[in-house]
$ cat coords_38.txt   # compact mmCIF, C-alpha atoms and all ligand atoms
# COMPACT_ATOMS: atom_id res chain seq x y z
CA MET A 1 0.00 0.00 0.00
CA ALA A 2 1.61 3.25 -1.18
CA THR A 3 0.42 6.62 0.11
CA LEU A 4 1.18 9.78 -1.85
CA ILE A 5 1.41 12.93 0.27
CA GLY A 6 1.11 15.90 -2.02
CA ASN A 7 0.65 19.67 -2.17
CA ILE A 8 3.51 20.31 0.28
CA ALA A 9 4.68 23.94 0.09
CA GLU A 10 8.02 23.13 1.75
CA LEU A 11 9.45 19.68 2.43
CA VAL A 12 12.45 19.67 4.78
CA THR A 13 14.48 16.62 3.81
CA ASN A 14 17.87 16.63 5.59
CA THR A 15 18.91 13.98 3.09
CA THR A 16 22.53 14.42 4.14
CA GLU A 17 22.54 17.94 5.58
CA PHE A 18 19.68 20.44 5.86
CA GLY A 19 17.76 20.45 2.59
CA ILE A 20 14.43 21.69 1.25
CA VAL A 21 12.21 20.82 -1.73
CA HIS A 22 9.50 23.37 -2.60
CA ASP A 23 6.13 22.33 -4.10
CA ALA A 24 6.93 18.77 -3.15
CA ALA A 25 5.32 15.39 -2.76
CA LEU A 26 6.43 12.11 -1.22
CA VAL A 27 5.38 8.49 -1.23
CA VAL A 28 5.31 6.28 1.86
CA GLU A 29 5.29 2.50 1.55
CA ASP A 30 5.53 -0.02 4.42
CA GLY A 31 6.40 2.71 6.90
CA ARG A 32 9.37 4.00 4.90
CA ILE A 33 9.88 6.84 2.45
CA ALA A 34 9.73 5.29 -1.02
CA TRP A 35 9.94 8.44 -3.19
CA LEU A 36 10.20 12.22 -2.81
CA GLY A 37 10.53 15.09 -5.24
CA ALA A 38 8.66 17.77 -7.16
CA ALA A 39 4.86 17.43 -6.91
CA SER A 40 4.64 17.69 -10.71
CA GLU A 41 6.64 14.44 -11.03
CA ALA A 42 4.83 12.41 -8.36
CA PRO A 43 4.14 8.78 -9.27
CA ALA A 44 0.72 7.08 -8.93
CA ALA A 45 -0.20 5.62 -5.52
CA ASP A 46 -3.02 3.68 -3.81
CA ASP A 47 -3.99 6.55 -1.53
CA HIS A 48 -3.56 10.33 -1.70
CA TRP A 49 -3.31 12.94 1.09
CA ASP A 50 -3.42 16.63 0.24
CA LEU A 51 -1.35 18.79 2.63
CA SER A 52 -2.98 22.02 1.32
CA GLY A 53 0.25 23.97 1.08
CA ARG A 54 1.59 23.10 4.53
CA THR A 55 5.21 22.37 5.46
CA VAL A 56 6.42 18.84 6.19
CA LEU A 57 9.37 18.22 8.50
CA PRO A 58 11.14 15.11 9.76
CA GLY A 59 9.57 14.26 13.16
CA PHE A 60 11.58 15.85 15.96
CA VAL A 61 14.03 13.57 17.77
CA ASP A 62 13.99 14.38 21.49
CA SER A 63 17.28 12.72 22.43
CA HIS A 64 17.30 13.63 26.15
CA THR A 65 14.36 13.16 28.53
CA HIS A 66 13.69 11.95 32.06
CA LEU A 67 10.02 11.05 31.61
CA VAL A 68 9.60 8.28 34.19
CA PHE A 69 8.91 9.96 37.52
CA ASP A 70 6.22 10.93 39.97
CA GLY A 71 5.77 14.07 42.06
CA ASP A 72 5.68 17.78 41.41
CA ARG A 73 8.31 20.48 41.92
CA ALA A 74 6.38 23.61 41.01
CA ALA A 75 7.28 25.15 44.37
CA GLU A 76 10.99 24.63 43.68
CA PHE A 77 10.53 26.34 40.29
CA ALA A 78 8.72 29.24 41.92
CA ALA A 79 11.49 29.58 44.51
CA ARG A 80 14.08 29.72 41.73
CA MET A 81 12.12 32.44 39.96
CA ALA A 82 12.33 34.31 43.27
CA GLY A 83 16.14 34.01 43.25
CA GLU A 84 17.12 30.52 44.56
CA ARG A 85 19.94 28.73 42.70
CA TYR A 86 19.67 25.19 41.25
CA ASP A 87 22.27 22.66 42.47
CA GLY A 88 20.58 19.30 41.86
CA GLY A 89 19.35 18.98 45.46
CA GLY A 90 15.67 18.81 44.46
CA ILE A 91 16.24 15.51 42.64
CA ALA A 92 15.89 13.73 46.02
CA SER A 93 12.24 14.75 46.33
CA THR A 94 11.43 13.28 42.91
CA VAL A 95 13.28 10.09 43.92
CA ALA A 96 11.09 9.73 47.03
CA ALA A 97 7.86 10.24 45.06
CA THR A 98 8.98 7.93 42.25
CA ARG A 99 9.96 5.08 44.59
CA ALA A 100 6.49 5.29 46.15
CA ALA A 101 4.63 5.12 42.81
CA ASP A 102 3.58 1.77 41.33
CA ASP A 103 4.26 0.83 37.71
CA ASP A 104 0.78 1.72 36.49
CA ARG A 105 1.03 5.19 37.90
CA LEU A 106 4.48 5.71 36.33
CA ARG A 107 3.21 4.32 33.02
CA GLY A 108 0.30 6.78 33.07
CA ASN A 109 2.66 9.67 33.75
CA VAL A 110 4.90 8.72 30.82
CA LEU A 111 1.90 8.18 28.55
CA ARG A 112 0.64 11.72 29.16
CA LEU A 113 4.04 13.28 28.48
CA VAL A 114 4.64 11.18 25.37
CA ALA A 115 1.20 12.20 24.07
CA GLU A 116 2.08 15.87 24.68
CA ALA A 117 5.38 15.45 22.86
CA ARG A 118 3.74 13.73 19.87
CA ARG A 119 1.18 16.51 19.49
CA GLN A 120 4.11 18.89 19.30
CA GLY A 121 5.79 16.98 16.49
CA THR A 122 8.18 14.63 18.30
CA SER A 123 8.40 11.15 16.80
CA THR A 124 11.34 9.62 18.70
CA LEU A 125 12.16 10.02 22.40
CA GLU A 126 15.13 8.88 24.44
CA ILE A 127 14.07 8.15 28.04
CA LYS A 128 16.41 7.88 31.05
CA SER A 129 16.03 6.22 34.41
CA GLY A 130 17.61 8.10 37.32
CA TYR A 131 14.80 8.79 39.79
CA GLY A 132 15.02 5.35 41.43
CA LEU A 133 18.63 5.19 42.61
CA ASP A 134 18.16 1.69 44.03
CA VAL A 135 18.40 -1.56 42.10
CA ASP A 136 14.69 -2.40 42.05
CA THR A 137 13.40 1.04 41.18
CA GLU A 138 16.00 1.77 38.49
CA GLN A 139 15.09 -1.55 36.89
CA ARG A 140 11.39 -0.70 37.12
CA LEU A 141 11.90 2.70 35.50
CA LEU A 142 13.78 1.17 32.57
CA ARG A 143 11.07 -1.45 32.07
CA VAL A 144 8.42 1.27 31.89
CA ALA A 145 10.64 3.43 29.61
CA GLY A 146 11.13 0.42 27.30
CA GLU A 147 7.37 0.26 26.72
CA PHE A 148 7.64 3.63 24.96
CA THR A 149 11.04 3.63 23.21
CA ASP A 150 14.08 1.56 22.22
CA GLU A 151 16.29 4.50 23.23
CA THR A 152 16.48 3.73 26.95
CA THR A 153 19.29 5.07 29.13
CA PHE A 154 20.49 3.81 32.51
CA LEU A 155 21.14 6.86 34.73
CA GLY A 156 21.71 5.23 38.12
CA ALA A 157 24.52 7.80 38.41
CA HIS A 158 22.14 10.76 38.46
CA VAL A 159 22.97 11.83 42.03
CA VAL A 160 24.20 10.12 45.20
CA PRO A 161 21.08 9.38 47.28
CA PRO A 162 21.18 10.98 50.74
CA ASP A 163 21.16 7.70 52.71
CA ILE A 164 24.36 6.08 51.36
CA PRO A 165 28.07 7.08 51.34
CA ARG A 166 29.34 8.24 47.96
CA ALA A 167 31.97 5.50 47.38
CA GLU A 168 29.50 2.82 48.39
CA TYR A 169 26.92 4.19 45.95
CA VAL A 170 29.40 4.16 43.04
CA GLU A 171 30.11 0.47 43.83
CA LEU A 172 26.37 -0.25 43.85
CA VAL A 173 25.90 1.50 40.48
CA ILE A 174 28.73 -0.37 38.73
CA GLY A 175 27.89 -3.69 40.46
CA PRO A 176 24.37 -5.01 41.08
CA MET A 177 22.51 -2.01 39.65
CA LEU A 178 24.36 -2.13 36.32
CA ALA A 179 23.92 -5.92 36.15
CA ALA A 180 20.16 -5.54 36.66
CA CYS A 181 19.75 -2.56 34.32
CA ALA A 182 22.12 -3.20 31.39
CA PRO A 183 19.80 -5.74 29.72
CA LEU A 184 17.03 -3.09 29.72
CA ALA A 185 19.08 -0.18 28.35
CA ARG A 186 20.90 0.87 25.19
CA TRP A 187 22.85 3.70 26.83
CA ILE A 188 24.51 4.62 30.13
CA ASP A 189 24.65 8.24 31.30
CA VAL A 190 26.28 10.02 34.28
CA PHE A 191 25.59 13.47 35.77
CA CYS A 192 29.27 14.56 35.82
CA GLU A 193 29.25 17.88 37.67
CA PRO A 194 31.79 18.48 40.45
CA ALA A 195 30.09 21.86 41.03
CA SER A 196 27.07 20.00 42.46
CA PRO A 197 27.52 18.36 45.87
CA HIS A 198 25.08 15.66 44.73
CA ALA A 199 26.48 14.67 41.32
CA PHE A 200 29.69 12.85 40.25
CA ASP A 201 33.24 14.09 39.68
CA GLY A 202 35.39 13.19 36.65
CA ASP A 203 37.01 10.10 38.25
CA GLU A 204 33.69 8.70 39.44
CA ALA A 205 32.11 9.37 36.06
CA ARG A 206 34.98 7.61 34.26
CA THR A 207 34.65 4.54 36.51
CA ILE A 208 30.90 4.35 35.88
CA LEU A 209 31.07 4.94 32.12
CA GLU A 210 33.84 2.38 31.65
CA ALA A 211 31.85 -0.20 33.62
CA GLY A 212 28.79 0.57 31.49
CA ARG A 213 30.76 0.07 28.31
CA ARG A 214 32.05 -3.29 29.57
CA ALA A 215 28.40 -4.24 30.15
CA GLY A 216 27.62 -3.48 26.49
CA LEU A 217 26.11 0.01 26.83
CA ASP A 218 27.01 3.03 24.69
CA LEU A 219 27.83 6.30 26.41
CA ARG A 220 26.14 9.64 27.00
CA VAL A 221 27.16 12.24 29.59
CA HIS A 222 25.47 15.14 31.42
CA GLY A 223 28.38 17.61 31.51
CA ASN A 224 29.27 21.26 32.10
CA GLN A 225 25.75 22.29 33.12
CA LEU A 226 26.50 24.34 36.23
CA ALA A 227 30.17 25.29 35.75
CA PRO A 228 33.18 24.41 33.61
CA GLY A 229 34.27 20.87 34.49
CA PRO A 230 35.60 17.55 33.24
CA GLY A 231 32.40 16.20 31.61
CA VAL A 232 32.97 17.33 28.03
CA ALA A 233 36.63 16.26 27.87
CA LEU A 234 35.77 12.88 29.40
CA ALA A 235 32.88 12.31 26.97
CA VAL A 236 35.15 13.05 24.01
CA GLU A 237 38.01 10.93 25.37
CA LEU A 238 35.71 7.93 25.90
CA GLY A 239 33.98 8.35 22.53
CA ALA A 240 30.54 9.08 23.98
CA ALA A 241 27.81 9.59 21.39
CA SER A 242 26.69 12.79 23.11
CA VAL A 243 27.57 15.22 25.88
CA ASP A 244 24.52 17.09 27.06
CA HIS A 245 24.04 20.60 28.52
CA CYS A 246 27.46 22.12 27.48
CA THR A 247 26.45 25.39 29.11
CA TYR A 248 29.94 26.29 30.42
CA LEU A 249 32.71 25.43 27.93
CA THR A 250 36.40 26.34 27.79
CA ASP A 251 38.18 26.84 24.46
CA SER A 252 39.77 23.43 24.87
CA ASP A 253 36.33 21.81 25.37
CA VAL A 254 35.18 23.39 22.10
CA ASP A 255 38.35 22.22 20.29
CA ALA A 256 37.92 18.70 21.67
CA LEU A 257 34.29 18.54 20.51
CA ALA A 258 35.20 19.92 17.08
CA GLY A 259 37.78 17.18 16.54
CA SER A 260 35.46 14.38 17.66
CA SER A 261 32.32 12.49 16.71
CA THR A 262 30.69 13.39 20.04
CA VAL A 263 27.57 15.50 19.53
CA ALA A 264 26.99 18.53 21.80
CA THR A 265 23.35 18.33 22.91
CA LEU A 266 21.98 21.68 24.08
CA LEU A 267 18.97 21.82 26.41
CA PRO A 268 17.80 25.44 26.61
CA GLY A 269 14.63 24.51 28.50
CA VAL A 270 17.00 24.09 31.47
CA GLU A 271 18.45 27.57 31.23
CA PHE A 272 14.93 28.95 30.86
CA SER A 273 13.66 27.11 33.95
CA THR A 274 16.72 27.67 36.12
CA ARG A 275 17.17 31.27 34.96
CA SER A 276 20.75 30.56 33.87
CA PRO A 277 22.86 31.85 30.97
CA TYR A 278 22.17 29.96 27.72
CA PRO A 279 24.89 27.86 26.03
CA ASP A 280 26.66 29.57 23.14
CA ALA A 281 25.51 27.54 20.14
CA ARG A 282 27.05 30.01 17.68
CA ARG A 283 30.54 29.39 19.08
CA LEU A 284 30.06 25.61 18.70
CA LEU A 285 28.63 25.84 15.17
CA ASP A 286 31.42 28.16 14.04
CA ALA A 287 33.96 25.65 15.39
CA GLY A 288 32.34 22.85 13.35
CA VAL A 289 30.74 20.95 16.27
CA THR A 290 27.59 18.89 15.55
CA ILE A 291 24.75 20.20 17.72
CA ALA A 292 21.57 18.49 18.87
CA LEU A 293 18.63 20.14 20.61
CA ALA A 294 16.44 18.27 23.11
CA THR A 295 13.95 19.11 25.85
CA ASP A 296 15.55 17.39 28.90
CA CYS A 297 11.90 17.02 29.99
CA ASN A 298 12.08 16.45 33.77
CA PRO A 299 10.21 17.81 36.80
CA GLY A 300 13.18 19.80 38.15
CA THR A 301 15.03 21.80 35.54
CA SER A 302 12.91 21.69 32.39
CA PHE A 303 9.30 20.57 32.63
CA THR A 304 8.50 20.95 28.95
CA SER A 305 7.88 18.29 26.31
CA SER A 306 7.92 20.87 23.53
CA MET A 307 10.58 20.72 20.84
CA PRO A 308 9.07 23.82 19.11
CA PHE A 309 9.62 25.75 22.37
CA VAL A 310 13.23 24.54 22.52
CA ILE A 311 13.77 25.56 18.87
CA ALA A 312 12.34 29.02 19.54
CA LEU A 313 14.66 29.47 22.56
CA ALA A 314 17.68 28.30 20.55
CA VAL A 315 16.94 30.85 17.84
CA ARG A 316 16.16 33.78 20.14
CA GLU A 317 18.74 33.17 22.87
CA MET A 318 21.57 31.02 21.49
CA GLY A 319 22.56 32.55 18.15
CA MET A 320 21.08 29.84 15.93
CA THR A 321 19.17 30.53 12.72
CA PRO A 322 15.72 28.88 12.38
CA THR A 323 17.24 26.48 9.86
CA GLU A 324 20.16 25.53 12.13
CA ALA A 325 17.84 24.97 15.08
CA LEU A 326 15.50 22.74 13.08
CA ALA A 327 18.47 20.72 11.77
CA ALA A 328 19.76 20.30 15.35
CA ALA A 329 16.33 19.11 16.53
CA THR A 330 16.09 16.48 13.78
CA ILE A 331 19.23 15.23 12.03
CA GLY A 332 21.51 16.51 14.83
CA SER A 333 19.66 14.70 17.58
CA ALA A 334 19.37 11.58 15.39
CA ARG A 335 23.19 11.66 15.16
CA SER A 336 23.43 11.95 18.93
CA LEU A 337 21.55 8.63 19.05
CA ARG A 338 23.72 7.25 16.21
CA ARG A 339 20.65 6.73 14.04
CA ASP A 340 20.33 7.46 10.33
CA ASP A 341 16.79 6.08 9.82
CA ILE A 342 15.18 9.06 11.62
CA GLY A 343 15.67 12.85 11.63
CA ARG A 344 15.53 13.06 7.84
CA ILE A 345 13.12 12.48 4.97
CA ALA A 346 15.07 10.41 2.48
CA VAL A 347 14.32 7.27 0.52
CA GLY A 348 14.56 4.35 2.96
CA ALA A 349 14.19 6.46 6.13
CA ARG A 350 11.28 5.88 8.50
CA ALA A 351 8.08 7.74 7.63
CA HIS A 352 8.14 9.85 10.81
CA LEU A 353 6.73 13.10 9.50
CA THR A 354 5.51 16.24 11.17
CA GLY A 355 3.12 18.54 9.37
CA LEU A 356 3.36 22.26 10.11
CA ASP A 357 0.40 24.63 9.59
CA ALA A 358 2.70 27.17 7.97
CA PRO A 359 4.25 27.93 4.60
CA SER A 360 7.85 27.45 5.84
CA HIS A 361 9.88 25.96 8.68
CA GLU A 362 10.91 29.44 9.89
CA HIS A 363 7.44 29.72 11.44
CA LEU A 364 8.50 27.32 14.21
CA ALA A 365 10.54 30.11 15.82
CA TYR A 366 8.69 33.02 14.19
CA ARG A 367 5.37 32.00 15.84
CA PRO A 368 6.49 30.79 19.29
CA GLY A 369 3.94 29.17 21.57
CA THR A 370 1.54 28.54 18.67
CA PRO A 371 0.31 24.96 18.13
CA LEU A 372 1.29 24.46 14.46
CA THR A 373 2.45 20.82 14.49
CA HIS A 374 0.57 17.65 13.49
CA PRO A 375 2.07 14.20 13.76
CA LEU A 376 1.92 12.30 10.45
CA LEU A 377 3.24 8.93 11.59
CA LEU A 378 2.92 6.32 8.92
CA ASP A 379 4.87 3.37 10.30
O1 LIG A 401 19.28 17.10 33.10
N1 LIG A 401 21.28 17.67 35.50
C1 LIG A 401 20.81 16.69 35.98
N2 LIG A 401 19.62 16.12 35.78
C2 LIG A 401 18.48 16.76 35.25
C3 LIG A 401 17.72 17.49 36.29
C4 LIG A 401 17.05 16.57 37.20
C5 LIG A 401 16.21 17.22 38.25
O2 LIG A 401 16.49 18.35 38.75
O3 LIG A 401 15.24 16.53 38.60
C6 LIG A 401 18.90 17.65 34.11
O4 LIG A 401 18.83 18.89 34.19
FE FE A 402 19.01 15.57 31.91

$ encode --input "coords_38.txt" --output "structure tokens"
Amino acid sequence: MATLIGNIAELVTNTTEFGIVHDAALVVEDGRIAWLGAASEAPAADDHWDLSGRTVLPGFVDSHTHLVFDGDRAAEFAARMAGERYDGGGIASTVAATRAADDDRLRGNVLRLVAEARRQGTSTLEIKSGYGLDVDTEQRLLRVAGEFTDETTFLGAHVVPPDIPRAEYVELVIGPMLAACAPLARWIDVFCEPASPHAFDGDEARTILEAGRRAGLDLRVHGNQLAPGPGVALAVELGAASVDHCTYLTDSDVDALAGSSTVATLLPGVEFSTRSPYPDARRLLDAGVTIALATDCNPGTSFTSSMPFVIALAVREMGMTPTEALAAATIGSARSLRRDDIGRIAVGARAHLTGLDAPSHEHLAYRPGTPLTHPLLLD
């Protein structure tokens, strides 16, 4: 069964890099893109959808989320807006609420957030554990995450829980917790942030990431969110697929990223919600670094599931053009997950499409806060 999608004013393809076809059409067959090109040359098909002059984008790839949790931290957000600083301490309250929630409750929470994200044009989500911090709960969170995505990440090393000495917790993470969680995860991640009393320093992060790799997991890192630190250099040295946040970078961090295949994933929802300075995307782009954009959806630092919001922030606050921001939210974040079947509309890629009620992709940032996206998932 072949479906022809026609009358597309602007089709964003990202076949290899950012690319656009005007007055376009495409054909989807068996969940994959079978043909794309000028509408005037479209082949015959079994079914025909008319996009009435809208834009079609690759579905957004949200490559960094913490969707499996319970509890609410609106009061912590309000306190920050009144001048409090964020240091990761609030994570403990989400851990307590999450441990107390049963699987059905957690599943319902994820379902609501995934539905929100889909309405806003996201077609692929990475989901981390990290609000369990004991063997049973971390395993539970990854099982629930795995019901929604193949891109599951073990984040037992989110923070050191308050009831256990630091060295003992690292041993737990790389021992029984990793053994229980590795079969349920594709990735391992560590919050490497010596500036936080709750997170992990460079040596601890290295120990945890190396153990994860021995257990068959690929690497991602939370680094350089609160201050300059060892996270970015460590991620590059260990060949991590992505280092996320990158808010505070030295020149040598930028050089290291530029000479590597590690993607810099920027999460401006965090700077918005912690009232912090935004990362300098322009500096990274000018140095030749591959950038991804993601929501970091979590109840503490960025409670948004909206990739269009993140794109608008990146354009207004981080020196990116609308085109660069869209590329980072699609093909860039697909690269951060080492995937080439998503994030682009090319023959053979998955038919994860997002329709935009607008004549061009610039409207994503030009009309912030406006619900323009429609999921067009055909696989
Ligand atoms: O990506 N930085 C660490 N972890 C999350 C925040 C988690 C929380 O505050 O609940 C983040 O920002
Ligand atoms: Fe995060």

$ residues_near_ligand --input "coords_38.txt" --ligand "ligand LIG 401 (chain A)" --cutoff "6 Å" --atoms "all atoms listed in the file" --output "list in words"
Gly88, Gly90, Ile91, Phe191, Asp296, Asn298, Pro299, Gly300 and Thr301 of chain A

$ residues_near_ligand --input "coords_38.txt" --ligand "ligand FE 402 (chain A)" --cutoff "7 Å" --atoms "all atoms listed in the file" --output "ChimeraX atom specification"
/A:64-66,222,296

$ write_last_selection --input "coords_38.txt" --atoms "C-alpha atoms" --output "mmCIF file, in the frame of the given file"
data_model
loop_
_atom_site.group_PDB
_atom_site.id
_atom_site.type_symbol
_atom_site.label_atom_id
_atom_site.label_comp_id
_atom_site.auth_asym_id
_atom_site.auth_seq_id
_atom_site.Cartn_x
_atom_site.Cartn_y
_atom_site.Cartn_z
ATOM 1 C CA HIS A 64 17.300 13.630 26.150
ATOM 2 C CA THR A 65 14.360 13.160 28.530
ATOM 3 C CA HIS A 66 13.690 11.950 32.060
ATOM 4 C CA HIS A 222 25.470 15.140 31.420
ATOM 5 C CA ASP A 296 15.550 17.390 28.900
#

$ residues_around --input "coords_38.txt" --residues "stretch 163-178 of chain A" --least-positions-apart "6" --cutoff "10 Å" --atoms "all atoms listed in the file" --output "CSV table (one decimal) with C-alpha atoms, in the frame of the given file"
chain,number,residue,atom,x,y,z
A,133,LEU,CA,18.6,5.2,42.6
A,134,ASP,CA,18.2,1.7,44.0
A,135,VAL,CA,18.4,-1.6,42.1
A,136,ASP,CA,14.7,-2.4,42.0
A,137,THR,CA,13.4,1.0,41.2
A,138,GLU,CA,16.0,1.8,38.5
A,139,GLN,CA,15.1,-1.6,36.9
A,154,PHE,CA,20.5,3.8,32.5
A,155,LEU,CA,21.1,6.9,34.7
A,156,GLY,CA,21.7,5.2,38.1
A,157,ALA,CA,24.5,7.8,38.4
A,184,LEU,CA,17.0,-3.1,29.7
A,185,ALA,CA,19.1,-0.2,28.4
A,188,ILE,CA,24.5,4.6,30.1
A,198,HIS,CA,25.1,15.7,44.7
A,199,ALA,CA,26.5,14.7,41.3
A,200,PHE,CA,29.7,12.8,40.2
A,204,GLU,CA,33.7,8.7,39.4
A,205,ALA,CA,32.1,9.4,36.1
A,207,THR,CA,34.6,4.5,36.5
A,208,ILE,CA,30.9,4.4,35.9
A,209,LEU,CA,31.1,4.9,32.1
A,210,GLU,CA,33.8,2.4,31.6
A,211,ALA,CA,31.8,-0.2,33.6
A,212,GLY,CA,28.8,0.6,31.5
A,215,ALA,CA,28.4,-4.2,30.2
A,217,LEU,CA,26.1,0.0,26.8

$ atom_distance --input "coords_38.txt" --atom1 "atom CA of A:Arg350" --atom2 "atom CA of A:Asp189"
26.5 Å

$ atom_distance --input "coords_38.txt" --atom1 "atom CA of A:Trp49" --atom2 "atom CA of A:Ala346"
18.6 Å

$ residues_around --input "coords_38.txt" --residues "A:Asp341" --least-positions-apart "5" --cutoff "12 Å" --atoms "all atoms listed in the file" --output "JSON list (two decimals) with C-alpha atoms, keeping the file's coordinate frame"
[["chain", "number", "residue", "atom", "x", "y", "z"],
["A", 14, "ASN", "CA", 17.87, 16.63, 5.59],
["A", 15, "THR", "CA", 18.91, 13.98, 3.09],
["A", 16, "THR", "CA", 22.53, 14.42, 4.14],
["A", 31, "GLY", "CA", 6.40, 2.71, 6.90],
["A", 32, "ARG", "CA", 9.37, 4.00, 4.90],
["A", 33, "ILE", "CA", 9.88, 6.84, 2.45],
["A", 58, "PRO", "CA", 11.14, 15.11, 9.76],
["A", 59, "GLY", "CA", 9.57, 14.26, 13.16],
["A", 61, "VAL", "CA", 14.03, 13.57, 17.77],
["A", 124, "THR", "CA", 11.34, 9.62, 18.70],
["A", 330, "THR", "CA", 16.09, 16.48, 13.78],
["A", 331, "ILE", "CA", 19.23, 15.23, 12.03],
["A", 333, "SER", "CA", 19.66, 14.70, 17.58],
["A", 334, "ALA", "CA", 19.37, 11.58, 15.39],
["A", 335, "ARG", "CA", 23.19, 11.66, 15.16],
["A", 346, "ALA", "CA", 15.07, 10.41, 2.48],
["A", 347, "VAL", "CA", 14.32, 7.27, 0.52],
["A", 348, "GLY", "CA", 14.56, 4.35, 2.96],
["A", 349, "ALA", "CA", 14.19, 6.46, 6.13],
["A", 350, "ARG", "CA", 11.28, 5.88, 8.50],
["A", 351, "ALA", "CA", 8.08, 7.74, 7.63],
["A", 352, "HIS", "CA", 8.14, 9.85, 10.81]]

$ axis_aligned_box --input "coords_38.txt" --around "stretch 150-163 of chain A" --padding-each-side "6 Å" --output "JSON"
{"center_x": 19.3, "center_y": 6.7, "center_z": 37.5, "size_x": 22.4, "size_y": 22.3, "size_z": 42.5}

$ closest_atom_pairs --input "coords_38.txt" --of "stretch 148-234 of chain A" --to "stretch 250-270 of chain A" --cutoff "10 Å" --atoms "only C-alpha atoms" --output "tab-separated table"
residue	atom	partner	partner_atom	distance
A:Leu219	CA	A:Thr262	CA	10.0
A:Arg220	CA	A:Thr262	CA	9.1
A:Val221	CA	A:Thr265	CA	9.8
A:His222	CA	A:Thr265	CA	9.3
A:Gly223	CA	A:Ala264	CA	9.9
A:Asn224	CA	A:Thr250	CA	9.8
A:Gln225	CA	A:Val270	CA	9.1
A:Pro228	CA	A:Thr250	CA	6.9
A:Gly229	CA	A:Thr250	CA	8.9
A:Pro230	CA	A:Asp253	CA	9.0
A:Gly231	CA	A:Asp253	CA	9.3
A:Val232	CA	A:Asp253	CA	6.2
A:Ala233	CA	A:Asp253	CA	6.1
A:Leu234	CA	A:Asp253	CA	9.8

$ write_last_selection --input "coords_38.txt" --atoms "C-alpha atoms" --output "PDB file, in the frame of the given file"
ATOM      1  CA  LEU A 219      27.830   6.300  26.410  1.00  0.00           C
ATOM      2  CA  ARG A 220      26.140   9.640  27.000  1.00  0.00           C
ATOM      3  CA  VAL A 221      27.160  12.240  29.590  1.00  0.00           C
ATOM      4  CA  HIS A 222      25.470  15.140  31.420  1.00  0.00           C
ATOM      5  CA  GLY A 223      28.380  17.610  31.510  1.00  0.00           C
ATOM      6  CA  ASN A 224      29.270  21.260  32.100  1.00  0.00           C
ATOM      7  CA  GLN A 225      25.750  22.290  33.120  1.00  0.00           C
ATOM      8  CA  PRO A 228      33.180  24.410  33.610  1.00  0.00           C
ATOM      9  CA  GLY A 229      34.270  20.870  34.490  1.00  0.00           C
ATOM     10  CA  PRO A 230      35.600  17.550  33.240  1.00  0.00           C
ATOM     11  CA  GLY A 231      32.400  16.200  31.610  1.00  0.00           C
ATOM     12  CA  VAL A 232      32.970  17.330  28.030  1.00  0.00           C
ATOM     13  CA  ALA A 233      36.630  16.260  27.870  1.00  0.00           C
ATOM     14  CA  LEU A 234      35.770  12.880  29.400  1.00  0.00           C
TER      15      LEU A 234
END

$ residues_around --input "coords_38.txt" --residues "stretch 140-149 of chain A" --least-positions-apart "3" --cutoff "12 Å" --atoms "only C-alpha atoms" --output "PyMOL selection string"
chain A and resi 61-63+65-70+95+98-115+118+123-137+152-156+177-178+180-188

$ atom_distance --input "coords_38.txt" --atom1 "atom CA of A:Tyr248" --atom2 "atom CA of A:Leu226"
7.0 Å

$ residues_around --input "coords_38.txt" --residues "A:Ala44" --least-positions-apart "2" --cutoff "8 Å" --atoms "all atoms listed in the file" --output "mmCIF file with C-alpha atoms, keeping the file's coordinate frame"
data_model
loop_
_atom_site.group_PDB
_atom_site.id
_atom_site.type_symbol
_atom_site.label_atom_id
_atom_site.label_comp_id
_atom_site.auth_asym_id
_atom_site.auth_seq_id
_atom_site.Cartn_x
_atom_site.Cartn_y
_atom_site.Cartn_z
ATOM 1 C CA LEU A 4 1.180 9.780 -1.850
ATOM 2 C CA ALA A 42 4.830 12.410 -8.360
ATOM 3 C CA ASP A 46 -3.020 3.680 -3.810
#

$ residues_around --input "coords_38.txt" --residues "A:Arg85" --least-positions-apart "3" --cutoff "12 Å" --atoms "all atoms listed in the file" --output "VMD selection string"
chain A and resid 76 to 82 88 to 90 196 226 271 273 to 276 301

$ closest_residue --input "coords_38.txt" --among "A:Arg119, A:Arg338, A:Phe18, A:His48" --to "A:Ala325" --atoms "all atoms listed in the file"
A:Phe18

$ closest_atom_pairs --input "coords_38.txt" --of "stretch 281-322 of chain A" --to "stretch 360-376 of chain A" --cutoff "9 Å" --atoms "all atoms listed in the file" --output "tab-separated table"
residue	atom	partner	partner_atom	distance
A:Pro308	CA	A:Leu364	CA	6.0
A:Phe309	CA	A:Gly369	CA	6.7
A:Ile311	CA	A:Ala365	CA	6.4
A:Ala312	CA	A:Ala365	CA	4.3
A:Leu313	CA	A:Ala365	CA	7.9
A:Ala314	CA	A:Ala365	CA	8.8
A:Val315	CA	A:Ala365	CA	6.8
A:Arg316	CA	A:Ala365	CA	8.0
A:Thr321	CA	A:Glu362	CA	8.8
A:Pro322	CA	A:Glu362	CA	5.4

$ closest_residue --input "coords_38.txt" --among "A:Leu238, A:Leu249, A:Ser52, A:Gly6" --to "A:Val27" --atoms "all atoms listed in the file"
A:Gly6
